[in-house]
file query.cif (mmCIF, C-alpha atoms (C1' of nucleotides))
data_target
#
loop_
_atom_site.label_atom_id
_atom_site.label_comp_id
_atom_site.auth_asym_id
_atom_site.auth_seq_id
_atom_site.Cartn_x
_atom_site.Cartn_y
_atom_site.Cartn_z
CA MET A 1 5.60 31.45 22.26
CA LYS A 2 7.37 29.04 24.52
CA SER A 3 6.44 25.45 23.92
CA SER A 4 7.42 23.08 26.69
CA SER A 5 9.34 20.86 24.29
CA THR A 6 11.84 23.72 24.13
CA LEU A 7 13.29 22.75 27.43
CA ASP A 8 16.83 23.95 27.59
CA VAL A 9 19.83 21.81 28.44
CA LYS A 10 20.54 23.64 31.66
CA MET A 11 17.12 22.97 33.06
CA VAL A 12 17.27 19.30 32.10
CA ASN A 13 20.63 18.98 33.79
CA GLY A 14 19.24 20.63 36.88
CA LEU A 15 16.32 18.25 37.04
CA PHE A 16 18.61 15.31 36.51
CA ALA A 17 20.85 16.41 39.35
CA GLU A 18 17.79 16.75 41.54
CA PHE A 19 16.75 13.24 40.57
CA GLU A 20 20.08 11.90 41.75
CA LEU A 21 19.79 13.79 45.01
CA VAL A 22 16.32 12.44 45.67
CA CYS A 23 17.48 8.90 44.93
CA ARG A 24 20.38 9.19 47.34
CA ARG A 25 18.23 10.75 50.02
CA ILE A 26 15.66 7.98 49.97
CA GLY A 27 18.10 5.16 49.40
CA LEU A 28 17.34 4.32 45.79
CA ARG A 29 20.42 3.03 44.01
CA LEU A 30 21.53 4.86 40.93
CA THR A 31 21.75 1.99 38.53
CA HIS A 32 22.55 2.49 34.89
CA GLN A 33 19.02 1.40 34.01
CA ARG A 34 17.35 3.76 36.47
CA ARG A 35 19.34 6.73 35.27
CA GLU A 36 18.58 6.04 31.63
CA ILE A 37 14.89 5.50 32.21
CA TYR A 38 14.65 8.82 33.96
CA ARG A 39 16.89 10.59 31.45
CA LEU A 40 14.84 9.40 28.48
CA LEU A 41 11.62 10.37 30.17
CA LEU A 42 13.02 13.79 30.99
CA ASN A 43 14.01 14.38 27.38
CA ALA A 44 10.93 12.82 25.82
CA GLY A 45 8.30 15.32 24.83
CA ASP A 46 5.70 12.73 23.97
CA HIS A 47 4.67 11.04 27.23
CA PRO A 48 5.73 7.55 26.17
CA SER A 49 4.18 4.28 27.31
CA ALA A 50 6.30 1.70 29.12
CA GLU A 51 6.61 -0.27 25.90
CA THR A 52 7.70 2.76 23.86
CA LEU A 53 10.23 3.70 26.48
CA TYR A 54 11.52 0.13 26.48
CA GLU A 55 12.04 0.18 22.71
CA ARG A 56 14.01 3.43 22.98
CA LEU A 57 16.09 2.16 25.88
CA ARG A 58 17.03 -0.96 23.95
CA GLN A 59 18.77 1.16 21.35
CA GLU A 60 21.43 2.12 23.84
CA MET A 61 21.08 -0.73 26.34
CA PRO A 62 20.07 -3.88 24.45
CA THR A 63 19.86 -6.13 27.51
CA ILE A 64 17.40 -4.07 29.52
CA SER A 65 14.15 -5.86 30.22
CA LEU A 66 10.60 -4.62 30.09
CA ASP A 67 9.91 -5.55 33.67
CA THR A 68 12.81 -3.41 34.83
CA VAL A 69 11.16 -0.53 33.03
CA TYR A 70 7.84 -1.21 34.74
CA ARG A 71 9.45 -1.66 38.13
CA ASN A 72 11.34 1.60 37.84
CA LEU A 73 8.37 3.53 36.57
CA HIS A 74 6.46 2.30 39.58
CA THR A 75 9.22 3.22 42.01
CA MET A 76 9.73 6.66 40.53
CA GLU A 77 6.02 7.33 40.54
CA THR A 78 5.82 6.37 44.19
CA HIS A 79 8.51 8.91 44.96
CA ASP A 80 6.87 11.55 42.87
CA LEU A 81 9.69 11.83 40.35
CA ILE A 82 7.44 10.95 37.46
CA ALA A 83 3.69 10.92 36.85
CA ARG A 84 1.12 9.12 34.79
CA VAL A 85 -0.87 11.22 32.38
CA PRO A 86 -4.60 10.93 32.97
CA THR A 87 -5.98 9.41 29.79
CA GLY A 88 -8.95 7.15 29.20
CA LYS A 89 -6.73 4.53 27.60
CA SER A 90 -5.69 1.19 29.03
CA GLN A 91 -2.03 1.76 28.24
CA ALA A 92 -0.38 4.07 30.75
CA ARG A 93 1.60 7.09 29.53
CA PHE A 94 4.36 8.67 31.61
CA GLU A 95 6.21 11.96 32.03
CA ALA A 96 8.98 13.25 34.25
CA LYS A 97 7.57 15.69 36.76
CA ARG A 98 8.23 19.36 36.10
CA GLY A 99 6.19 22.51 36.55
CA THR A 100 2.44 22.61 36.23
CA HIS A 101 1.10 22.06 32.75
CA HIS A 102 -1.82 20.52 30.92
CA HIS A 103 -2.42 17.98 28.17
CA PRO A 104 -4.02 18.26 24.75
CA MET A 105 -4.63 14.73 23.46
CA CYS A 106 -5.32 13.83 19.85
CA SER A 107 -8.19 11.40 19.48
CA ARG A 108 -6.92 10.29 16.06
CA CYS A 109 -3.23 9.54 16.61
CA GLY A 110 -3.07 9.45 20.39
CA GLU A 111 -0.44 12.17 20.58
CA ILE A 112 -0.18 13.87 23.97
CA THR A 113 1.46 17.29 24.22
CA ASP A 114 2.18 19.74 27.02
CA ILE A 115 0.49 23.08 27.21
CA GLN A 116 0.78 25.98 29.61
CA TRP A 117 -2.38 27.57 30.94
CA GLU A 118 -1.67 30.10 33.63
CA ILE A 119 -5.19 31.44 33.88
CA PHE A 120 -6.33 27.97 34.78
CA ASP A 121 -3.44 27.48 37.19
CA ASN A 122 -4.39 30.66 39.02
CA SER A 123 -8.11 30.01 39.14
CA GLU A 124 -9.92 29.07 42.33
CA LEU A 125 -11.41 25.65 42.74
CA PRO A 126 -15.20 25.48 42.76
CA ASP A 127 -16.74 25.78 46.23
CA TYR A 128 -17.86 22.17 46.22
CA ALA A 129 -14.23 20.99 46.09
CA SER A 130 -13.60 21.67 49.79
CA PHE A 131 -16.75 19.76 50.60
CA TRP A 132 -15.50 16.81 48.57
CA GLY A 133 -12.15 16.65 50.34
CA GLN A 134 -8.62 17.97 50.08
CA VAL A 135 -7.51 18.65 46.53
CA THR A 136 -3.75 18.63 45.99
CA ASP A 137 -3.55 18.95 42.24
CA LYS A 138 -5.68 20.13 39.36
CA GLN A 139 -5.02 19.62 35.71
CA ALA A 140 -6.86 20.07 32.46
CA THR A 141 -7.21 17.54 29.67
CA LEU A 142 -8.04 18.93 26.24
CA THR A 143 -9.42 16.50 23.72
CA GLY A 144 -9.43 17.12 20.00
CA VAL A 145 -7.52 16.56 16.79
CA CYS A 146 -3.93 17.71 16.41
CA LYS A 147 -2.76 19.82 13.50
CA LYS A 148 -0.97 16.97 11.78
CA CYS A 149 -4.08 14.80 11.78
CA LEU A 150 -6.27 17.68 10.59
CA GLN A 151 -4.02 18.10 7.59
CA LYS A 152 -4.25 14.42 6.68
CA LYS A 153 -7.84 15.01 5.53
CA MET B 154 -25.86 23.04 46.42
CA LYS B 155 -26.80 20.70 43.63
CA SER B 156 -24.67 17.59 43.49
CA SER B 157 -24.86 15.71 40.23
CA SER B 158 -25.80 12.47 42.00
CA THR B 159 -29.10 14.21 42.65
CA LEU B 160 -30.20 13.63 39.11
CA ASP B 161 -33.94 13.55 39.02
CA VAL B 162 -36.02 10.77 37.54
CA LYS B 163 -37.40 12.97 34.77
CA MET B 164 -33.97 13.83 33.46
CA VAL B 165 -32.80 10.22 33.58
CA ASN B 166 -35.91 9.16 31.69
CA GLY B 167 -35.26 11.83 29.13
CA LEU B 168 -31.70 10.70 28.61
CA PHE B 169 -32.81 7.12 28.34
CA ALA B 170 -35.37 8.01 25.70
CA GLU B 171 -32.67 9.86 23.81
CA PHE B 172 -30.44 6.79 24.03
CA GLU B 173 -33.15 4.71 22.41
CA LEU B 174 -33.63 7.27 19.66
CA VAL B 175 -29.92 7.38 18.93
CA CYS B 176 -29.76 3.59 18.76
CA ARG B 177 -32.65 3.42 16.34
CA ARG B 178 -31.25 6.20 14.19
CA ILE B 179 -27.88 4.54 13.77
CA GLY B 180 -29.19 1.00 13.54
CA LEU B 181 -28.07 -0.34 16.89
CA ARG B 182 -30.45 -2.97 18.19
CA LEU B 183 -32.06 -2.39 21.53
CA THR B 184 -31.21 -5.62 23.22
CA HIS B 185 -32.05 -6.27 26.82
CA GLN B 186 -28.33 -6.25 27.63
CA ARG B 187 -27.64 -2.97 25.85
CA ARG B 188 -30.50 -1.20 27.60
CA GLU B 189 -29.45 -2.41 31.02
CA ILE B 190 -25.82 -1.52 30.54
CA TYR B 191 -26.79 1.99 29.59
CA ARG B 192 -29.44 2.27 32.30
CA LEU B 193 -27.04 1.21 35.03
CA LEU B 194 -24.40 3.59 33.80
CA LEU B 195 -26.90 6.41 33.69
CA ASN B 196 -27.94 5.79 37.28
CA ALA B 197 -24.45 5.06 38.60
CA GLY B 198 -22.84 8.03 40.27
CA ASP B 199 -19.48 6.34 40.69
CA HIS B 200 -18.01 5.89 37.19
CA PRO B 201 -17.79 2.11 37.38
CA SER B 202 -15.23 -0.07 35.64
CA ALA B 203 -16.37 -2.73 33.17
CA GLU B 204 -15.89 -5.36 35.83
CA THR B 205 -17.91 -3.46 38.45
CA LEU B 206 -20.68 -2.86 35.96
CA TYR B 207 -20.65 -6.55 35.10
CA GLU B 208 -21.07 -7.54 38.74
CA ARG B 209 -24.03 -5.22 39.10
CA LEU B 210 -25.61 -6.41 35.89
CA ARG B 211 -25.37 -10.00 37.00
CA GLN B 212 -27.68 -9.29 39.93
CA GLU B 213 -30.56 -8.74 37.58
CA MET B 214 -29.33 -10.65 34.53
CA PRO B 215 -27.24 -13.60 35.67
CA THR B 216 -26.37 -14.87 32.21
CA ILE B 217 -24.80 -11.68 30.85
CA SER B 218 -21.15 -12.07 29.95
CA LEU B 219 -18.25 -9.73 30.57
CA ASP B 220 -17.35 -9.53 26.90
CA THR B 221 -20.85 -8.30 26.10
CA VAL B 222 -20.27 -5.53 28.61
CA TYR B 223 -16.96 -4.62 26.97
CA ARG B 224 -18.40 -4.80 23.48
CA ASN B 225 -21.29 -2.56 24.39
CA LEU B 226 -19.16 -0.06 26.23
CA HIS B 227 -17.01 0.17 23.12
CA THR B 228 -19.97 0.60 20.81
CA MET B 229 -21.62 3.23 22.99
CA GLU B 230 -18.38 5.10 23.35
CA THR B 231 -17.94 5.14 19.58
CA HIS B 232 -21.38 6.70 19.26
CA ASP B 233 -20.69 9.19 21.99
CA LEU B 234 -23.37 7.90 24.33
CA ILE B 235 -20.89 7.21 27.08
CA ALA B 236 -17.34 8.32 27.87
CA ARG B 237 -14.25 7.10 29.60
CA VAL B 238 -13.02 9.14 32.51
CA PRO B 239 -9.41 10.23 32.06
CA THR B 240 -7.52 8.60 34.92
CA GLY B 241 -3.96 7.40 35.14
CA LYS B 242 -5.12 3.91 36.02
CA SER B 243 -4.97 0.79 33.88
CA GLN B 244 -8.59 -0.08 34.50
CA ALA B 245 -10.98 2.09 32.50
CA ARG B 246 -13.84 3.88 34.24
CA PHE B 247 -17.03 4.85 32.43
CA GLU B 248 -19.91 7.29 32.65
CA ALA B 249 -23.02 8.03 30.63
CA LYS B 250 -22.62 11.32 28.80
CA ARG B 251 -24.49 14.30 30.21
CA GLY B 252 -23.69 17.96 30.59
CA THR B 253 -20.19 19.25 31.12
CA HIS B 254 -18.63 18.43 34.46
CA HIS B 255 -15.31 17.60 36.03
CA HIS B 256 -13.78 14.88 38.17
CA PRO B 257 -12.26 14.90 41.62
CA MET B 258 -10.44 11.59 42.14
CA CYS B 259 -9.37 10.21 45.50
CA SER B 260 -5.85 8.86 45.45
CA ARG B 261 -6.55 6.66 48.47
CA CYS B 262 -9.78 4.85 47.63
CA GLY B 263 -10.03 5.56 43.91
CA GLU B 264 -13.43 7.20 44.20
CA ILE B 265 -14.36 9.42 41.27
CA THR B 266 -17.07 12.04 41.69
CA ASP B 267 -18.65 14.65 39.47
CA ILE B 268 -18.21 18.33 40.09
CA GLN B 269 -19.54 21.44 38.39
CA TRP B 270 -17.13 24.25 37.58
CA GLU B 271 -18.77 26.91 35.50
CA ILE B 272 -15.94 29.38 35.69
CA PHE B 273 -13.71 26.78 34.10
CA ASP B 274 -16.36 25.89 31.52
CA ASN B 275 -16.62 29.52 30.47
CA SER B 276 -12.90 30.21 30.34
CA GLU B 277 -11.01 30.62 27.08
CA LEU B 278 -8.46 28.06 25.99
CA PRO B 279 -4.84 29.18 26.07
CA ASP B 280 -3.61 30.72 22.82
CA TYR B 281 -1.37 27.79 22.08
CA ALA B 282 -4.38 25.47 21.81
CA SER B 283 -5.34 26.70 18.35
CA PHE B 284 -1.77 26.16 17.25
CA TRP B 285 -1.89 22.60 18.55
CA GLY B 286 -5.06 21.72 16.65
CA GLN B 287 -8.82 21.68 17.07
CA VAL B 288 -9.95 21.18 20.64
CA THR B 289 -13.45 19.76 21.03
CA ASP B 290 -13.59 19.20 24.76
CA LYS B 291 -11.87 20.39 27.89
CA GLN B 292 -12.15 18.88 31.30
CA ALA B 293 -10.46 19.20 34.64
CA THR B 294 -9.18 16.40 36.83
CA LEU B 295 -8.76 17.18 40.51
CA THR B 296 -6.54 14.87 42.49
CA GLY B 297 -6.62 14.61 46.25
CA VAL B 298 -8.15 12.78 49.17
CA CYS B 299 -11.89 12.54 49.63
CA LYS B 300 -13.58 13.45 52.90
CA LYS B 301 -14.28 9.85 53.87
CA CYS B 302 -10.62 8.91 53.53
CA LEU B 303 -9.49 12.01 55.41
CA GLN B 304 -11.64 10.97 58.35
CA LYS B 305 -10.14 7.49 58.40
CA LYS B 306 -6.91 9.05 59.71
"C1'" DT C 307 -36.03 -13.30 6.91
"C1'" DT C 308 -32.07 -10.59 7.56
"C1'" DG C 309 -28.44 -8.92 9.81
"C1'" DT C 310 -26.85 -7.73 14.40
"C1'" DC C 311 -25.83 -9.28 19.07
"C1'" DT C 312 -24.82 -12.61 22.65
"C1'" DG C 313 -22.26 -16.08 25.28
"C1'" DC C 314 -18.60 -19.09 25.22
"C1'" DA C 315 -13.91 -19.85 24.64
"C1'" DA C 316 -9.57 -18.47 23.44
"C1'" DA C 317 -6.25 -15.01 22.66
"C1'" DA C 318 -4.17 -10.60 22.96
"C1'" DA C 319 -2.47 -6.64 25.40
"C1'" DC C 320 -0.73 -4.70 29.45
"C1'" DT C 321 1.38 -5.10 34.03
"C1'" DT C 322 3.17 -7.46 38.18
"C1'" DT C 323 5.81 -10.92 40.81
"C1'" DG C 324 9.31 -14.78 42.54
"C1'" DC C 325 13.71 -16.06 42.24
"C1'" DA C 326 18.79 -16.35 41.70
"C1'" DC C 327 22.52 -13.70 40.36
"C1'" DA C 328 24.60 -8.94 39.63
"C1'" DA C 329 25.56 -4.40 40.89
"C1'" DA C 330 25.62 -0.30 44.01
"C1'" DT C 331 26.87 1.56 48.37
"C1'" DA D 332 29.48 -7.09 53.27
"C1'" DT D 333 25.03 -5.78 52.81
"C1'" DT D 334 21.09 -4.70 50.52
"C1'" DT D 335 18.76 -3.29 46.52
"C1'" DG D 336 18.08 -4.01 41.56
"C1'" DT D 337 18.17 -6.73 37.29
"C1'" DG D 338 16.83 -10.23 33.89
"C1'" DC D 339 14.38 -14.22 33.16
"C1'" DA D 340 10.30 -16.69 33.36
"C1'" DA D 341 5.83 -17.17 34.80
"C1'" DA D 342 1.57 -15.42 36.25
"C1'" DG D 343 -1.99 -11.87 36.94
"C1'" DT D 344 -5.18 -8.27 35.05
"C1'" DT D 345 -7.69 -6.07 31.75
"C1'" DT D 346 -9.50 -6.00 27.16
"C1'" DT D 347 -10.41 -7.92 22.48
"C1'" DT D 348 -11.82 -11.36 19.02
"C1'" DG D 349 -13.81 -15.67 16.28
"C1'" DC D 350 -17.56 -18.30 15.98
"C1'" DA D 351 -22.20 -20.60 16.17
"C1'" DG D 352 -26.53 -19.99 17.78
"C1'" DA D 353 -30.11 -16.39 19.58
"C1'" DC D 354 -32.62 -12.35 19.10
"C1'" DA D 355 -34.36 -7.71 17.22
"C1'" DA D 356 -36.32 -5.49 13.46
#

call {"tool": "encode", "arguments": {"input": "query.cif", "output": "structure tokens"}}
result
Amino acid sequence: MKSSSTLDVKMVNGLFAEFELVCRRIGLRLTHQRREIYRLLLNAGDHPSAETLYERLRQEMPTISLDTVYRNLHTMETHDLIARVPTGKSQARFEAKRGTHHHPMCSRCGEITDIQWEIFDNSELPDYASFWGQVTDKQATLTGVCKKCLQKK
Amino acid sequence: MKSSSTLDVKMVNGLFAEFELVCRRIGLRLTHQRREIYRLLLNAGDHPSAETLYERLRQEMPTISLDTVYRNLHTMETHDLIARVPTGKSQARFEAKRGTHHHPMCSRCGEITDIQWEIFDNSELPDYASFWGQVTDKQATLTGVCKKCLQKK
DNA sequence: TTGTCTGCAAAAACTTTGCACAAAT
DNA sequence: ATTTGTGCAAAGTTTTTGCAGACAA
């Protein structure tokens, strides 16, 4: 079984190179901060919040500021390099964009994972969708309790 | 085609009666404010935010406070009477709990609608789900542009 | 009467913005 | 040289909390 956290180095490098190309194409400067924010997000398997990302970035770049993190997340989202995970929570969670996947979320610990679901990906939208408008993306959110939390009691 | 905004009076009354039963069973008092918050949410087809709900409530109950709205939304969510819609936005959106349904969201105007999708409801979870943990709910989020916004240009 | 709930006020949590200097192209 | 990005500080949004009096049971 291939979990999406097993993302090999080659693929990550490829996505990172693509990120740099996109930045150059649209005139975004490749600052040290921007690169690191994207790199961490690309390697993170846990859909971190801005605050979490900030704490991690400070390990290697102690002078980075939280507002730079927010500003960059916003810019990258605008250019479709990253995405927010749809959750019901007030704190946003982010991921670098890759192939289609879905999100199991633990209602106890808040963990968000990636999951593949090809049958869903290949399924037709309900008829009503075309009446509603033009759908460009569909994704599933699974809610429940993760294995770690189940074992805690 | 049956849109979920066409929810007949009988069904709404039934759900409201059930709400009162649940409150009594678990010892929640049926205050004027609590009833109205639930009633408005039950009749709202648009998954309002706390703020939006507050504005509507003030029309009929000018002295209600925003923190009462928040407190009640929290309490009702805890008791599974209402739910938050998974969005990527920082402002939470709410709905009264009813049957299974899914959410098309307009990326232009922020509109959130309900949609039925029985094929999805009846489909099996991917194998990996049982490895992840115990899934209690699955729901689909469709992203796109609603018909009204498409017509605006 | 008893314990919960409300409104008010204040605070906390999360995110955005203006500005002057720094860095990227 | 030019223009965008950063860090700092301040402000804006959204949500939560403490408390004294009000209300439901």

call {"tool": "interface_residues", "arguments": {"input": "query.cif", "of": "chain C", "to": "chain B", "cutoff": "12 Å", "atoms": "only C-alpha atoms (C1' of nucleotides)", "output": "PyMOL selection string"}}
result
chain C and resi 309-315+319-321

call {"tool": "residues_around", "arguments": {"input": "query.cif", "residues": "B:Gly297", "least_positions_apart": "4", "cutoff": "7 Å", "atoms": "all atoms listed in the file", "output": "PDB file with C-alpha atoms, in the coordinates of the input"}}
result
ATOM      1  CA  GLN A 134      -8.620  17.970  50.080  1.00  0.00           C
ATOM      2  CA  VAL A 135      -7.510  18.650  46.530  1.00  0.00           C
ATOM      3  CA  THR A 136      -3.750  18.630  45.990  1.00  0.00           C
ATOM      4  CA  ASP A 137      -3.550  18.950  42.240  1.00  0.00           C
TER       5      ASP A 137
ATOM      6  CA  MET B 258     -10.440  11.590  42.140  1.00  0.00           C
ATOM      7  CA  CYS B 259      -9.370  10.210  45.500  1.00  0.00           C
ATOM      8  CA  SER B 260      -5.850   8.860  45.450  1.00  0.00           C
TER       9      SER B 260
END

call {"tool": "closest_residue", "arguments": {"input": "query.cif", "among": "A:His79, A:Arg93, A:Arg84, A:His32", "to": "chain D", "atoms": "all atoms listed in the file"}}
result
A:His32

call {"tool": "interface_residues", "arguments": {"input": "query.cif", "of": "chain B", "to": "chain A", "cutoff": "6 Å", "atoms": "only C-alpha atoms", "output": "PyMOL selection string"}}
result
chain B and resi 237-241+243+270+279+285-300

call {"tool": "resolve_selection", "arguments": {"input": "query.cif", "expression": "the PyMOL selection byres ((chain D) within 12 of (chain A))", "output": "ChimeraX atom specification"}}
result
/D:334-340,344-346

call {"tool": "atom_distance", "arguments": {"input": "query.cif", "atom1": "atom CA of B:His200", "atom2": "atom CA of B:Asn166"}}
result
19.0 Å

call {"tool": "atom_distance", "arguments": {"input": "query.cif", "atom1": "atom CA of A:Arg24", "atom2": "atom CA of A:Ser49"}}
result
26.2 Å

call {"tool": "resolve_selection", "arguments": {"input": "query.cif", "expression": "the PyMOL selection byres ((chain C and resi 323) around 8)", "output": "MDAnalysis selection string"}}
result
(chainID C and resid 322 324) or (chainID D and resid 342)

call {"tool": "atom_distance", "arguments": {"input": "query.cif", "atom1": "atom CA of A:Gly99", "atom2": "atom CA of A:Arg25"}}
result
21.6 Å
